[in-house]
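Participant: Contents of entry31.cif (mmCIF, C-alpha atoms) are given next:
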data_protein
loop_
_atom_site.label_atom_id
_atom_site.label_comp_id
_atom_site.auth_asym_id
_atom_site.auth_seq_id
_atom_site.Cartn_x
_atom_site.Cartn_y
_atom_site.Cartn_z
CA MET J 8 18.67 -33.18 6.09
CA ASP J 9 21.72 -34.98 4.79
CA LEU J 10 20.75 -38.61 5.15
CA ALA J 11 17.06 -39.09 5.65
CA TYR J 12 17.07 -42.82 5.09
CA ALA J 13 19.94 -43.94 7.30
CA SER J 14 19.77 -41.56 10.22
CA THR J 15 18.38 -44.08 12.70
CA PRO J 16 17.75 -47.83 12.47
CA PRO J 17 14.16 -49.06 12.74
CA ARG J 18 13.00 -49.49 16.31
CA GLY J 19 12.65 -52.99 17.55
CA SER J 20 15.33 -54.37 15.19
CA HIS J 21 17.89 -56.60 16.89
CA VAL J 22 20.16 -56.92 13.82
CA PRO J 23 23.19 -54.58 14.03
CA VAL J 24 23.09 -51.75 11.56
CA GLY J 25 26.42 -52.87 10.07
CA LEU J 26 24.90 -56.22 9.04
CA ARG J 27 21.70 -54.62 7.71
CA ALA J 28 23.47 -51.91 5.69
CA PRO J 29 24.10 -53.97 2.49
CA PHE J 30 20.37 -54.74 2.30
CA SER J 31 19.13 -51.27 3.33
CA GLY J 32 17.28 -49.04 0.94
CA TRP J 33 19.51 -46.04 1.63
CA ALA J 34 22.66 -47.96 0.59
CA TRP J 35 21.21 -48.99 -2.74
CA ARG J 36 19.79 -45.52 -3.37
CA GLU J 37 23.21 -43.99 -2.79
CA PHE J 38 24.82 -46.63 -5.00
CA LEU J 39 22.27 -45.83 -7.72
CA TYR J 40 23.14 -42.15 -7.35
CA LEU J 41 26.83 -42.86 -7.95
CA PHE J 42 26.02 -45.28 -10.78
CA LEU J 43 23.93 -42.66 -12.58
CA SER J 44 26.39 -39.86 -11.89
CA LEU J 45 28.86 -40.95 -14.58
CA PRO J 46 26.56 -40.81 -17.63
CA ILE J 47 24.80 -37.68 -16.38
CA ALA J 48 28.07 -35.94 -15.46
CA SER J 49 29.53 -36.88 -18.85
CA LEU J 50 26.67 -35.17 -20.66
CA MET J 51 26.89 -32.12 -18.39
CA PHE J 52 30.66 -31.88 -18.86
CA ALA J 53 30.38 -32.15 -22.64
CA TYR J 54 27.64 -29.51 -22.64
CA ALA J 55 29.67 -27.13 -20.44
CA VAL J 56 32.83 -27.52 -22.54
CA ALA J 57 30.88 -26.95 -25.75
CA VAL J 58 29.15 -23.87 -24.35
CA VAL J 59 32.34 -22.31 -23.02
CA SER J 60 34.30 -23.10 -26.18
CA ALA J 61 31.63 -21.80 -28.53
CA GLY J 62 30.94 -18.73 -26.43
CA ALA J 63 34.63 -17.86 -26.04
CA GLY J 64 35.30 -18.43 -29.74
CA LEU J 65 32.44 -16.17 -30.76
CA LEU J 66 33.04 -13.38 -28.24
CA ILE J 67 34.51 -11.21 -30.96
CA THR J 68 30.90 -10.92 -32.14
CA PHE J 69 27.70 -10.30 -30.24
CA LEU J 70 26.68 -13.87 -31.01
CA GLY J 71 29.24 -15.12 -28.47
CA ILE J 72 27.45 -13.27 -25.66
CA LEU J 73 24.15 -14.82 -26.70
CA VAL J 74 25.65 -18.31 -26.79
CA LEU J 75 27.32 -17.88 -23.40
CA ALA J 76 24.16 -16.49 -21.77
CA GLY J 77 22.03 -19.28 -23.22
CA GLY J 78 24.60 -21.85 -22.10
CA LEU J 79 24.57 -20.52 -18.55
CA ALA J 80 20.78 -20.67 -18.52
CA GLY J 81 21.04 -24.29 -19.63
CA CYS J 82 23.45 -25.01 -16.77
CA ARG J 83 20.89 -23.64 -14.34
CA ALA J 84 18.30 -26.00 -15.84
CA LEU J 85 20.71 -28.93 -15.39
CA GLY J 86 21.12 -27.83 -11.78
CA VAL J 87 17.38 -28.32 -11.26
CA VAL J 88 17.77 -31.92 -12.43
CA GLU J 89 20.74 -32.53 -10.12
CA ARG J 90 18.97 -31.07 -7.11
CA GLY J 91 15.98 -33.29 -7.81
CA ARG J 92 18.22 -36.36 -8.16
CA ALA J 93 19.98 -35.56 -4.88
CA ARG J 94 16.62 -35.06 -3.18
CA ALA J 95 15.21 -38.36 -4.44
CA LEU J 96 18.27 -40.60 -3.92
CA LEU J 97 20.30 -38.90 -1.17
CA GLY J 98 17.52 -37.30 0.83
CA LEU J 99 19.32 -33.97 0.45
CA GLU J 100 17.11 -30.89 0.55
CA VAL J 101 18.73 -27.91 -1.17
CA ALA J 102 16.82 -24.67 -1.54
CA GLU J 103 16.35 -23.21 -4.98
CA PRO J 104 18.83 -20.39 -5.69
CA ALA J 105 17.59 -16.92 -6.45
CA PRO J 106 16.11 -16.61 -9.94
CA VAL J 107 17.55 -14.32 -12.57
CA ARG J 108 16.29 -10.80 -11.96
CA ALA J 109 16.82 -8.40 -14.84
CA THR J 110 17.45 -4.80 -13.81
CA LYS J 111 16.28 -3.59 -17.21
CA PRO J 112 13.30 -4.79 -19.26
CA GLY J 113 13.80 -6.72 -22.46
CA PRO J 114 16.16 -9.45 -23.70
CA MET J 115 19.31 -7.40 -23.12
CA GLY J 116 18.43 -6.95 -19.47
CA TRP J 117 17.95 -10.71 -19.08
CA ILE J 118 21.25 -11.50 -20.83
CA GLY J 119 23.12 -9.08 -18.60
CA ALA J 120 21.49 -10.51 -15.48
CA VAL J 121 22.43 -14.08 -16.46
CA LEU J 122 26.05 -13.15 -17.17
CA LYS J 123 26.39 -11.22 -13.89
CA SER J 124 24.70 -13.88 -11.78
CA GLY J 125 27.08 -15.79 -9.53
CA VAL J 126 24.55 -18.62 -9.38
CA SER J 127 24.88 -19.19 -13.14
CA TRP J 128 28.67 -19.43 -12.99
CA ARG J 129 28.56 -21.77 -10.01
CA HIS J 130 26.28 -24.09 -11.99
CA LEU J 131 28.82 -24.02 -14.83
CA LEU J 132 31.60 -24.93 -12.39
CA TYR J 133 29.52 -27.84 -11.13
CA CYS J 134 29.12 -29.16 -14.69
CA LEU J 135 32.89 -29.00 -15.18
CA PHE J 136 34.14 -30.25 -11.81
CA HIS J 137 31.58 -32.94 -11.14
CA PHE J 138 32.70 -35.11 -14.06
CA PRO J 139 36.13 -36.18 -12.73
CA TRP J 140 34.68 -36.89 -9.29
CA ALA J 141 31.75 -38.81 -10.80
CA LEU J 142 34.20 -40.93 -12.83
CA PHE J 143 36.32 -41.71 -9.76
CA SER J 144 33.39 -42.50 -7.46
CA PHE J 145 31.65 -44.59 -10.13
CA VAL J 146 34.68 -46.77 -10.73
CA LEU J 147 35.56 -47.17 -7.05
CA ALA J 148 32.02 -47.89 -5.83
CA THR J 149 31.10 -50.21 -8.71
CA VAL J 150 34.31 -52.24 -8.62
CA PHE J 151 34.49 -52.43 -4.83
CA TRP J 152 30.94 -53.61 -4.27
CA SER J 153 30.76 -55.80 -7.38
CA VAL J 154 33.93 -57.65 -6.39
CA GLY J 155 32.58 -58.00 -2.86
CA TRP J 156 29.32 -59.60 -3.98
CA ALA J 157 31.15 -61.78 -6.50
CA LEU J 158 33.57 -63.13 -3.88
CA LEU J 159 30.79 -63.63 -1.36
CA SER J 160 28.86 -65.77 -3.85
CA TYR J 161 31.99 -67.66 -5.05
CA PRO J 162 30.73 -71.08 -3.80
CA LEU J 163 27.69 -70.69 -6.07
CA TRP J 164 29.57 -70.14 -9.32
CA ARG J 165 32.96 -71.85 -8.78
CA TRP J 166 31.73 -74.81 -10.83
CA THR J 167 32.08 -72.69 -13.98
CA PHE J 168 35.91 -72.85 -13.79
CA PRO J 169 36.34 -76.62 -14.23
CA ALA J 170 33.29 -76.85 -16.51
CA TYR J 171 34.28 -74.15 -19.02
CA LEU J 172 37.88 -73.03 -18.28
CA GLY J 173 39.55 -76.28 -17.31
CA VAL J 174 40.89 -74.96 -14.01
CA PRO J 175 39.68 -75.83 -10.52
CA GLY J 176 38.95 -72.28 -9.41
CA ILE J 177 40.15 -68.68 -9.13
CA GLN J 178 43.87 -68.46 -9.87
CA LEU J 179 45.72 -66.71 -7.07
CA TRP J 180 49.04 -66.68 -8.93
CA GLY J 181 50.60 -68.57 -11.84
CA ASP J 182 53.21 -68.67 -14.61
CA HIS J 183 53.28 -69.24 -18.34
CA ASP J 184 53.85 -72.98 -17.93
CA GLY J 185 50.46 -73.51 -16.32
CA HIS J 186 51.74 -73.81 -12.79
CA GLY J 187 49.90 -71.78 -10.20
CA ARG J 188 47.80 -71.61 -7.09
CA TYR J 189 44.06 -72.08 -7.42
CA LEU J 190 41.49 -71.43 -4.71
CA ALA J 191 39.45 -74.61 -4.89
CA SER J 192 39.59 -76.38 -1.52
CA PRO J 193 36.66 -75.98 0.91
CA ALA J 194 38.81 -73.88 3.25
CA GLU J 195 39.95 -71.63 0.38
CA ILE J 196 36.40 -71.25 -0.90
CA ALA J 197 35.26 -70.26 2.60
CA GLY J 198 38.15 -67.77 2.83
CA VAL J 199 37.17 -66.18 -0.47
CA SER J 200 33.57 -65.83 0.75
CA ALA J 201 34.78 -64.32 4.03
CA VAL J 202 36.79 -61.68 2.16
CA GLY J 203 33.76 -61.00 -0.01
CA LEU J 204 31.59 -60.64 3.09
CA LEU J 205 33.95 -58.00 4.49
CA LEU J 206 33.87 -56.07 1.22
CA VAL J 207 30.08 -56.29 1.06
CA LEU J 208 29.72 -55.04 4.63
CA ALA J 209 32.17 -52.19 4.04
CA GLY J 210 30.64 -51.23 0.69
CA PRO J 211 27.69 -49.15 1.99
CA TRP J 212 29.96 -47.07 4.21
CA LEU J 213 32.42 -46.49 1.39
CA ILE J 214 29.55 -45.44 -0.85
CA HIS J 215 28.15 -43.20 1.88
CA GLY J 216 31.55 -41.52 2.27
CA LEU J 217 31.73 -40.90 -1.49
CA THR J 218 28.27 -39.39 -1.58
CA GLN J 219 29.26 -36.95 1.16
CA VAL J 220 31.44 -35.19 -1.41
CA ASP J 221 28.48 -35.06 -3.78
CA ARG J 222 26.38 -33.53 -1.01
CA VAL J 223 28.97 -30.81 -0.47
CA MET J 224 29.18 -30.06 -4.19
CA VAL J 225 25.41 -29.94 -4.69
CA ARG J 226 24.87 -27.78 -1.63
CA GLY J 227 27.81 -25.46 -2.30
CA LEU J 228 27.51 -25.01 -6.09
CA LEU J 229 23.84 -25.62 -6.87
CA GLY J 230 22.22 -24.06 -3.81
CA PRO J 231 21.81 -20.44 -2.81
CA SER J 232 24.95 -18.63 -1.75
CA ALA J 233 25.72 -17.96 1.90
CA LEU J 234 25.07 -14.26 1.32
CA ALA J 235 21.69 -14.96 -0.29
CA GLY J 236 20.78 -17.27 2.57
CA ARG J 237 21.75 -14.62 5.08
CA VAL J 238 19.71 -11.98 3.25
CA SER J 239 16.69 -14.31 3.25
CA GLU J 240 17.18 -14.96 6.95
CA LEU J 241 17.43 -11.24 7.69
CA GLU J 242 14.27 -10.59 5.69
CA SER J 243 12.48 -13.25 7.71
CA ASP J 244 13.86 -11.81 10.94
CA ARG J 245 12.72 -8.34 9.90
CA GLY J 246 9.22 -9.69 9.38
CA VAL J 247 9.30 -11.30 12.82
CA MET J 248 10.47 -8.07 14.41
CA VAL J 249 7.73 -6.09 12.67
CA ASP J 250 5.10 -8.58 13.83
CA THR J 251 6.53 -8.54 17.35
CA ALA J 252 6.50 -4.74 17.47
CA ALA J 253 2.91 -4.70 16.24
CA ALA J 254 1.92 -7.25 18.88
CA ASP J 255 3.63 -5.18 21.58
CA LEU J 256 1.77 -2.08 20.44
CA ARG J 257 -1.53 -3.95 20.52
CA ARG J 258 -0.74 -5.26 24.01
CA ILE J 259 0.11 -1.77 25.29
CA GLU J 260 -3.01 -0.36 23.70
CA ARG J 261 -5.14 -3.12 25.25
CA GLU J 262 -3.63 -2.66 28.70
CA LEU J 263 -4.10 1.11 28.52
CA HIS J 264 -7.67 0.74 27.30
CA ASP J 265 -8.74 -1.95 29.74
CA GLY J 266 -6.71 -0.74 32.72
CA ALA J 267 -5.54 2.81 33.23
CA GLN J 268 -7.91 4.39 30.71
CA ALA J 269 -10.95 2.69 32.23
CA ARG J 270 -9.92 3.72 35.75
CA LEU J 271 -9.29 7.31 34.71
CA THR J 272 -12.70 7.39 33.02
CA SER J 273 -14.27 6.15 36.23
CA LEU J 274 -12.29 8.79 38.13
CA ALA J 275 -13.66 11.56 35.93
CA ARG J 276 -17.20 10.29 36.48
CA ASP J 277 -16.72 10.12 40.29
CA LEU J 278 -15.29 13.62 40.44
CA GLU J 279 -18.21 14.93 38.43
CA LEU J 280 -20.55 13.21 40.87
CA ALA J 281 -18.72 14.76 43.82
CA LYS J 282 -19.01 18.16 42.17
CA GLU J 283 -22.74 17.72 41.82
CA LYS J 284 -23.12 16.68 45.47
CA LEU J 285 -21.17 19.71 46.66
CA ALA J 286 -23.46 21.92 44.61
CA ARG J 287 -26.63 20.54 46.16
CA GLU J 288 -28.73 22.60 48.45
CA LYS J 289 -28.49 20.17 51.44
CA PRO J 290 -25.21 20.99 53.14
CA ALA J 291 -25.87 18.45 55.92
CA ASP J 292 -25.08 15.33 53.93
CA GLY J 293 -23.51 16.82 50.82
CA PRO J 294 -19.93 17.17 52.10
CA GLU J 295 -19.86 13.68 53.63
CA ALA J 296 -21.16 12.01 50.47
CA ALA J 297 -18.83 14.08 48.33
CA ALA J 298 -15.91 13.14 50.60
CA ARG J 299 -16.67 9.46 50.12
CA VAL J 300 -16.78 9.89 46.34
CA VAL J 301 -13.51 11.86 46.38
CA ASP J 302 -11.92 9.16 48.57
CA GLU J 303 -12.96 6.46 46.11
CA ALA J 304 -11.67 8.58 43.24
CA HIS J 305 -8.36 8.99 45.06
CA GLY J 306 -8.08 5.22 45.33
CA GLU J 307 -8.78 4.84 41.63
CA VAL J 308 -6.05 7.40 40.86
CA LYS J 309 -3.50 5.45 42.88
CA VAL J 310 -4.43 2.18 41.16
CA ALA J 311 -4.27 3.84 37.73
CA LEU J 312 -0.88 5.35 38.49
CA ARG J 313 0.43 1.98 39.69
CA GLU J 314 -0.79 0.31 36.49
CA LEU J 315 0.84 3.00 34.37
CA ARG J 316 4.12 2.58 36.30
CA ASP J 317 3.98 -1.20 35.85
CA LEU J 318 3.28 -0.77 32.15
CA ALA J 319 6.17 1.66 31.71
CA ARG J 320 8.43 -0.57 33.79
CA GLY J 321 7.57 -3.55 31.58
CA ILE J 322 8.55 -1.61 28.47
CA HIS J 323 11.89 -0.26 29.67
CA PRO J 324 12.34 0.53 33.37
CA ALA J 325 14.46 3.46 34.43
CA ILE J 326 16.56 1.26 36.72
CA LEU J 327 17.67 -0.77 33.68
CA THR J 328 18.96 2.35 31.97
CA ASP J 329 20.59 3.80 35.07
CA ARG J 330 22.04 0.76 36.85
CA GLY J 331 22.03 -2.16 34.43
CA LEU J 332 20.62 -5.64 34.15
CA GLY J 333 21.55 -6.93 37.61
CA PRO J 334 19.61 -4.37 39.69
CA ALA J 335 16.75 -4.37 37.17
CA LEU J 336 16.31 -8.14 37.41
CA SER J 337 16.58 -8.00 41.21
CA ALA J 338 13.76 -5.46 41.28
CA LEU J 339 11.78 -7.59 38.85
CA ALA J 340 12.29 -10.68 41.02
CA ALA J 341 11.15 -8.77 44.12
CA ARG J 342 7.82 -7.94 42.46
CA CYS J 343 7.15 -11.52 41.33
CA THR J 344 4.39 -13.37 43.18
CA VAL J 345 6.75 -16.35 43.59
CA PRO J 346 9.99 -16.08 45.63
CA VAL J 347 12.79 -15.63 43.08
CA ALA J 348 16.57 -15.82 43.57
CA ALA J 349 18.31 -13.75 40.88
CA SER J 350 22.01 -13.99 40.01
CA VAL J 351 23.68 -11.91 37.29
CA ASP J 352 27.34 -12.49 36.40
CA LEU J 353 28.30 -10.13 33.59
CA PRO J 354 31.76 -8.50 33.44
CA VAL J 355 30.43 -5.44 31.62
CA ARG J 356 27.06 -4.24 30.44
CA PRO J 357 25.94 -5.46 27.02
CA ALA J 358 24.55 -3.22 24.30
CA ALA J 359 21.36 -1.40 25.26
CA ALA J 360 19.22 -3.34 22.77
CA ILE J 361 20.51 -6.72 24.00
CA GLU J 362 20.16 -5.62 27.61
CA ALA J 363 16.56 -4.55 27.04
CA LEU J 364 15.71 -7.80 25.24
CA ALA J 365 17.29 -9.82 28.06
CA TYR J 366 15.16 -7.92 30.59
CA VAL J 367 11.99 -8.46 28.57
CA THR J 368 12.81 -12.16 28.21
CA VAL J 369 13.21 -12.66 31.96
CA SER J 370 10.10 -10.56 32.59
CA GLU J 371 8.03 -12.73 30.23
CA LEU J 372 9.37 -15.95 31.77
CA LEU J 373 8.71 -14.81 35.34
CA GLU J 374 5.22 -13.70 34.37
CA ASN J 375 4.67 -17.17 32.93
CA VAL J 376 5.85 -18.64 36.25
CA SER J 377 3.46 -16.40 38.20
CA ARG J 378 0.42 -17.15 36.05
CA HIS J 379 0.74 -20.79 35.09
CA ALA J 380 3.50 -22.69 36.87
CA ARG J 381 1.96 -23.01 40.37
CA ALA J 382 5.52 -22.91 41.68
CA THR J 383 6.78 -22.21 45.19
CA ARG J 384 10.15 -20.83 44.16
CA ALA J 385 12.12 -19.85 41.06
CA THR J 386 15.65 -18.86 40.10
CA VAL J 387 17.09 -16.52 37.48
CA ASP J 388 20.71 -16.89 36.34
CA VAL J 389 22.41 -14.68 33.79
CA TRP J 390 25.99 -15.06 32.60
CA ARG J 391 28.22 -14.60 29.57
CA ALA J 392 29.55 -17.59 27.64
CA ALA J 393 32.05 -16.64 24.90
CA ASP J 394 30.12 -14.41 22.47
CA ARG J 395 26.68 -15.21 23.96
CA ILE J 396 24.69 -13.98 26.92
CA VAL J 397 22.80 -16.85 28.54
CA LEU J 398 19.62 -16.54 30.64
CA ARG J 399 18.13 -19.40 32.61
CA VAL J 400 14.85 -19.32 34.53
CA THR J 401 13.88 -22.40 36.56
CA ASP J 402 10.93 -23.18 38.80
CA ASP J 403 9.55 -26.13 40.76
CA GLY J 404 6.06 -25.86 39.29
CA ARG J 405 3.84 -28.31 37.45
CA GLY J 406 5.75 -28.16 34.14
CA GLY J 407 4.19 -28.60 30.72
CA ALA J 408 5.51 -25.35 29.21
CA THR J 409 5.89 -25.53 25.41
CA THR J 410 6.74 -23.30 22.48
CA ASP J 411 3.67 -24.38 20.52
CA ALA J 412 2.35 -21.86 18.04
CA GLY J 413 0.02 -19.28 19.51
CA GLY J 414 1.56 -19.26 22.99
CA ARG J 415 3.59 -16.54 24.66
CA LEU J 416 6.72 -18.69 24.64
CA ALA J 417 6.37 -19.13 20.88
CA ASP J 418 6.23 -15.34 20.47
CA LEU J 419 9.25 -14.99 22.73
CA ALA J 420 11.17 -17.61 20.73
CA GLY J 421 10.39 -15.70 17.53
CA ARG J 422 11.56 -12.45 19.07
CA LEU J 423 14.85 -14.03 20.16
CA GLY J 424 15.31 -15.68 16.78
CA SER J 425 15.07 -12.30 15.07
CA VAL J 426 18.42 -11.34 16.64
CA ASP J 427 20.08 -14.78 16.21
CA GLY J 428 18.95 -15.80 19.68
CA LEU J 429 17.65 -19.14 20.91
CA LEU J 430 15.04 -20.37 23.39
CA VAL J 431 15.24 -23.90 24.81
CA VAL J 432 12.42 -25.24 26.98
CA ASP J 433 12.82 -28.27 29.26
CA SER J 434 9.50 -28.69 31.04
CA PRO J 435 8.29 -32.26 31.53
CA ALA J 436 4.81 -32.85 32.90
CA GLY J 437 4.96 -32.55 36.67
CA GLY J 438 7.99 -30.29 36.56
CA PRO J 439 10.43 -28.88 37.23
CA THR J 440 10.82 -26.38 34.40
CA SER J 441 14.07 -24.96 33.05
CA ILE J 442 13.96 -22.42 30.23
CA SER J 443 17.23 -21.17 28.75
CA ALA J 444 17.64 -18.28 26.36
CA GLU J 445 20.72 -17.23 24.43
CA LEU J 446 21.40 -13.84 22.88
CA PRO J 447 24.41 -12.63 20.90
CA TRP J 448 26.80 -10.59 23.00
CA ARG J 449 27.28 -7.05 21.81
CA GLY J 450 29.23 -4.62 23.93
CA ARG J 451 28.37 -1.00 24.42
#
Translate this file's structure into structure tokens.
Facilitator:
Amino acid sequence: MDLAYASTPPRGSHVPVGLRAPFSGWAWREFLYLFLSLPIASLMFAYAVAVVSAGAGLLITFLGILVLAGGLAGCRALGVVERGRARALLGLEVAEPAPVRATKPGPMGWIGAVLKSGVSWRHLLYCLFHFPWALFSFVLATVFWSVGWALLSYPLWRWTFPAYLGVPGIQLWGDHDGHGRYLASPAEIAGVSAVGLLLVLAGPWLIHGLTQVDRVMVRGLLGPSALAGRVSELESDRGVMVDTAAADLRRIERELHDGAQARLTSLARDLELAKEKLAREKPADGPEAAARVVDEAHGEVKVALRELRDLARGIHPAILTDRGLGPALSALAARCTVPVAASVDLPVRPAAAIEALAYVTVSELLENVSRHARATRATVDVWRAADRIVLRVTDDGRGGATTDAGGRLADLAGRLGSVDGLLVVDSPAGGPTSISAELPWRGR
């Protein structure tokens, strides 16, 4: 969040945002940030120069290493202050960088970790480089806006010139003999105020532009590195994938237990009953009763086999491996309870993992259509866009699909996110519904 206070004007306000800006809280907060930057940056610059100078001068002894390590730790502490100031005045949220992790126990391990930490050196660079920018932005913002407000209020304080200086007003130009041009007529006073009004109106946007540089510096030098952010993201994605795999295993176990396993158990019981009937002493009705039991058991076997095939097909169908995504999705569409038109436009087959995830995604979305949408028709479109593979499933059902936590679409969104994918749901109440998914393209 770069600008939390000025992102959108308040609803119901009829005053243009350009006229409200000089009186908006975000403008004054950003001005206060720039105003405070100079004294704070001066102290940080002096501290950084002293630390580097003392540490470099003492490096011929072990004391120099201690001074440099302690100085870098102090820079990290100053970074905490700067991140808090940016959060309070700029609305800028910057994650805390990784803490110092010593590979060896004891003080020497900590010193080595501080000196080898890229975060520590980036904080030192911020202390050194922020000072010249803080000086420039302080002078420009303060002078620009102060002059603007002073000129705008010129009619209120012009009387001080004749009362205390003996001149009618602001001198536009003049010479040593006292000749010059003074802005004292009503038209000239109004012109001065008009110029001041323009400067006042432009001031917040100038200040906002200056603070954009501060945002970049705080985020780039005081936040976690891109590599650390990527590692954290991958760790999160790994957790999502582990949870997804565990959920899939639980689903398979539940379907086997409640479906095929239960039917096979019933089959075993029916066959045992048929065996007992055949062993009875009354041959007149024994074979017929046993035949009925065997016939029922045969039906249960067929249902169990169909459930096992459907379960295996939902995990990874053979047609997907042999013929690719197009035929697999066509077969999937043919089994859906709603008429589905499937179209796949891929120049080549993607990587097996991406292909399988695309199939599972479409399977989940079509199952959602069958169970909840109350639709009469649906479409599936798959194509490649640059380095992404895009899936879109639409239906004319009742709508209302969401990715709220706890739902199947939320689980699907998490699974896609674990591979840098994306799920976008457009499903207003009353329909229609359009759900798009994007996956990174990886060739075989």
Participant: Which residue, J:Ala360, J:Val347, J:Val87, J:Val207, has the smallest gap to Val150 (chain J) when you use all atoms listed in the file?
Facilitator: J:Val207
Participant: List as a VMD selection string the residues having at least one atom at most 9 Å from position (25.3, -17.9, -10.0) as given in the file, counting all atoms listed in the file.
Facilitator: chain J and resid 79 83 104 to 105 107 121 to 131 228 to 229 231 to 232
Participant: Measuring atom to atom with only C-alpha atoms, identify which of J:Arg449, J:Arg399, J:Arg378, J:Arg330 is nearest to Ala348 (chain J).
Facilitator: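 Among the listed residues, J:Arg399 lies closest to Ala348 (chain J).
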Participant: Return the single residue from J:Leu208, J:Val59, J:Val202, J:Leu159 that is closest to Ala34 (chain J), with distances computed using all atoms listed in the file.
Facilitator: J:Leu208
Participant: Which value, in Å to one decimal, gives the distance between CA of Ala102 (chain J) and CA of Gln219 (chain J)?
Facilitator: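 Between CA of Ala102 (chain J) and CA of Gln219 (chain J) the gap is 17.7 Å.
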Participant: I would like the residues chosen by the PyMOL selection byres ((chain J and resi 206) around 9) on the shown file; could you give them as a list of chain:residue names?
Facilitator: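 On this input, the PyMOL selection byres ((chain J and resi 206) around 9) captures J:Phe151, J:Trp152, J:Val154, J:Gly155, J:Trp156, J:Leu158, J:Leu159, J:Ala201, J:Val202, J:Gly203, J:Leu204, J:Leu205, J:Val207, J:Leu208, J:Ala209, J:Gly210.
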Participant: Hey, can you check how far CA of Ser337 (chain J) sits from CA of Asp411 (chain J)?
Facilitator: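 Distance reported for this atom pair: 29.4 Å.
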Participant: Enclose the full set of atoms of region 26-33 of chain J listed in the file within a box whose edges lie along x, y and z, apply 5 Å of padding to each of the six sides, and report centre and edge lengths in Å to one decimal as JSON.
Facilitator:
{"center_x": 21.1, "center_y": -51.1, "center_z": 5.0, "size_x": 17.6, "size_y": 20.2, "size_z": 18.1}
Participant: Hey, can you check how far CA of Ala63 (chain J) sits from CA of Pro46 (chain J)?
Facilitator: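 Going from CA of Ala63 (chain J) over to CA of Pro46 (chain J), I get 25.7 Å.
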Participant: How would you write, as a ChimeraX atom specification, the residues chosen by the PyMOL selection byres ((chain J and resi 48-57) around 9) on this structure?
Facilitator: /J:43-47,58-62,78-79,81-82,85,131-139,141-142
Participant: Which residues, written as a PyMOL selection string, have at least one atom at most 10 Å from Thr218 (chain J), with all atoms listed in the file counted and residues fewer than 2 positions away on the same chain left out?
Facilitator: chain J and resi 37-38+40-41+93+97+141+144+212-216+220-224
Participant: Quick one: residues within 9 Å of Arg381 (chain J), only C-alpha atoms counted, chain neighbours fewer than 6 positions away excluded, as a PyMOL selection string?
Facilitator: chain J and resi 345+403-406
Participant: Go through J:Glu195, J:Glu374, J:Glu362, J:Asp418 and flag the residue nearest Trp448 (chain J), using only C-alpha atoms for the distances.
Facilitator: J:Glu362
Participant: Taking the file as shown, what set of residues would the PyMOL selection byres ((chain J and resi 408) around 8) give back, as a list in words?
Facilitator: Gly406, Gly407, Thr409, Thr410, Val432, Asp433, Ser434, Pro435 and Thr440 of chain J
Participant: Pick from J:Pro175, J:Gly86, J:Gly64, J:Pro211: nearest to Ala148 (chain J), with all atoms listed in the file counted?
Facilitator: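 Once distances to Ala148 (chain J) are computed over all atoms listed in the file, the minimum belongs to J:Pro211.
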Participant: Taking into account all atoms listed in the file, which residue in the set J:Gly119, J:Pro334, J:Gly98, J:Gly71 is nearest to Arg36 (chain J)?
Facilitator: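 The closest residue to Arg36 (chain J) is J:Gly98.
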